[in-house]
Amino acid sequence: MPRTLATAPILVLNGPNLNLLGQRQPEIYGSDTLADVEALCAKTAAAHGGTVDCRQSNHEGQLVDWIHEARLTHAGIVINPAAYSHTSVAILDALNTCDGMPVLEVHISNIHQREEFRHHSYVSHRADGVIAGCGVQGYAFAIERVAALVAAAQD
């Protein structure tokens, strides 16, 4: 049975190097920190009567484990897989186990304006939407979309 935002949080997953937001390549990723992103996500979810569970890991297996957990405990997933977007079939396979759960993919930079290898994302094959190039505001857009998809599933 689908969960509501009132009964289950949205999982916000951040992949490798995102713990260094605000420090690493600010000309590409901006000056906002991961704590700023988490606060933005919490504020956006709260506006829809929900909460977020924000996590970050530099380890692919940890991200996979958290996705498996989310299948049973969360209303939806917002994921910025970072470099794993372009390499991880394991994360795609984990997301494919999340039947009926909204998944939104976020990229702070516009991956299509960057190096050619960044133009392909395995995660996009499962994502219900992809937001790229909107800076950290993309996370708020993703939370909004998950809220809309969760609400639509209740109708």
# chains A, B, ... in the order shown; residues from 1 in each chain; ligands from 1
call {"tool": "residues_around", "arguments": {"residues": "stretch 17-24 of chain A", "least_positions_apart": "3", "cutoff": "12 Å", "atoms": "only C-alpha atoms", "output": "JSON, numbers by chain"}}
result
{"A": [13, 14, 27, 28, 29, 30, 31, 32, 33, 34, 35, 36, 37, 38, 54, 55, 56, 57, 58, 59, 60, 79, 80, 81, 82, 83, 84, 107, 108, 135, 136]}
call {"tool": "residues_around", "arguments": {"residues": "A:Thr73", "least_positions_apart": "6", "cutoff": "10 Å", "atoms": "only C-alpha atoms", "output": "MDAnalysis selection string"}}
result
chainID A and resid 3 7:11 67
call {"tool": "write_last_selection", "arguments": {"atoms": "N, CA and C atoms", "output": "PDB file, in the first residue's frame"}}
result
ATOM      1  N   ARG A   3       2.497   4.731   0.786  1.00  0.00           N
ATOM      2  CA  ARG A   3       2.588   5.531   2.007  1.00  0.00           C
ATOM      3  C   ARG A   3       2.295   6.988   1.678  1.00  0.00           C
ATOM      4  N   THR A   7       2.759   9.798   6.821  1.00  0.00           N
ATOM      5  CA  THR A   7       3.125   8.558   7.507  1.00  0.00           C
ATOM      6  C   THR A   7       4.549   8.084   7.238  1.00  0.00           C
ATOM      7  N   ALA A   8       5.197   8.653   6.230  1.00  0.00           N
ATOM      8  CA  ALA A   8       6.539   8.188   5.872  1.00  0.00           C
ATOM      9  C   ALA A   8       7.351   9.340   5.281  1.00  0.00           C
ATOM     10  N   PRO A   9       8.625   9.422   5.610  1.00  0.00           N
ATOM     11  CA  PRO A   9       9.462  10.506   5.072  1.00  0.00           C
ATOM     12  C   PRO A   9       9.876  10.250   3.622  1.00  0.00           C
ATOM     13  N   ILE A  10      10.340  11.292   2.996  1.00  0.00           N
ATOM     14  CA  ILE A  10      10.993  11.192   1.687  1.00  0.00           C
ATOM     15  C   ILE A  10      12.482  10.991   1.959  1.00  0.00           C
ATOM     16  N   LEU A  11      13.061   9.978   1.341  1.00  0.00           N
ATOM     17  CA  LEU A  11      14.491   9.738   1.476  1.00  0.00           C
ATOM     18  C   LEU A  11      15.227  10.626   0.475  1.00  0.00           C
ATOM     19  N   ILE A  67      18.597   2.374  -0.290  1.00  0.00           N
ATOM     20  CA  ILE A  67      17.480   2.254  -1.253  1.00  0.00           C
ATOM     21  C   ILE A  67      16.639   1.029  -0.903  1.00  0.00           C
TER      22      ILE A  67
END
call {"tool": "select_by_dssp", "arguments": {"residues": "stretch 5-34 of chain A", "states": "strand (DSSP E or B)", "output": "VMD selection string"}}
result
chain A and resid 10 to 14
call {"tool": "write_last_selection", "arguments": {"atoms": "C-alpha atoms", "output": "short mmCIF file (atom, residue, chain, number, x, y, z; two decimals), in the first residue's frame"}}
result
data_model
loop_
_atom_site.label_atom_id
_atom_site.label_comp_id
_atom_site.auth_asym_id
_atom_site.auth_seq_id
_atom_site.Cartn_x
_atom_site.Cartn_y
_atom_site.Cartn_z
CA ILE A 10 10.99 11.19 1.69
CA LEU A 11 14.49 9.74 1.48
CA VAL A 12 16.98 12.28 0.11
CA LEU A 13 20.13 10.46 -0.97
CA ASN A 14 23.36 12.18 -1.94
#
call {"tool": "residues_around", "arguments": {"residues": "A:Val64", "least_positions_apart": "2", "cutoff": "8 Å", "atoms": "only C-alpha atoms", "output": "PyMOL selection string"}}
result
chain A and resi 60-62+66-68+90-91+94
call {"tool": "closest_residue", "arguments": {"among": "A:Leu5, A:Leu95, A:Leu40, A:Ala47", "to": "A:Leu63", "atoms": "only C-alpha atoms"}}
result
A:Leu95
call {"tool": "select_by_dssp", "arguments": {"residues": "chain A", "states": "helix (DSSP H, G or I)", "output": "PyMOL selection string"}}
result
chain A and resi 18-20+26-29+34-46+60-73+82-86+89-95+111-113+116-119+123-125+137-154
call {"tool": "atom_distance", "arguments": {"atom1": "atom CA of A:Ser124", "atom2": "atom CA of A:Ile111"}}
result
12.1 Å
call {"tool": "closest_residue", "arguments": {"among": "A:Gln154, A:Val78, A:Arg145, A:His86", "to": "A:Glu116", "atoms": "only C-alpha atoms"}}
result
A:His86
call {"tool": "residues_around", "arguments": {"residues": "A:Ala153", "least_positions_apart": "2", "cutoff": "9 Å", "atoms": "only C-alpha atoms", "output": "PyMOL selection string"}}
result
chain A and resi 2+4+100+148-151+155
call {"tool": "residues_around", "arguments": {"residues": "A:Leu92", "least_positions_apart": "4", "cutoff": "9 Å", "atoms": "only C-alpha atoms", "output": "NGL selection string"}}
result
:A and (64 or 85 or 88 or 96-97 or 122-126)
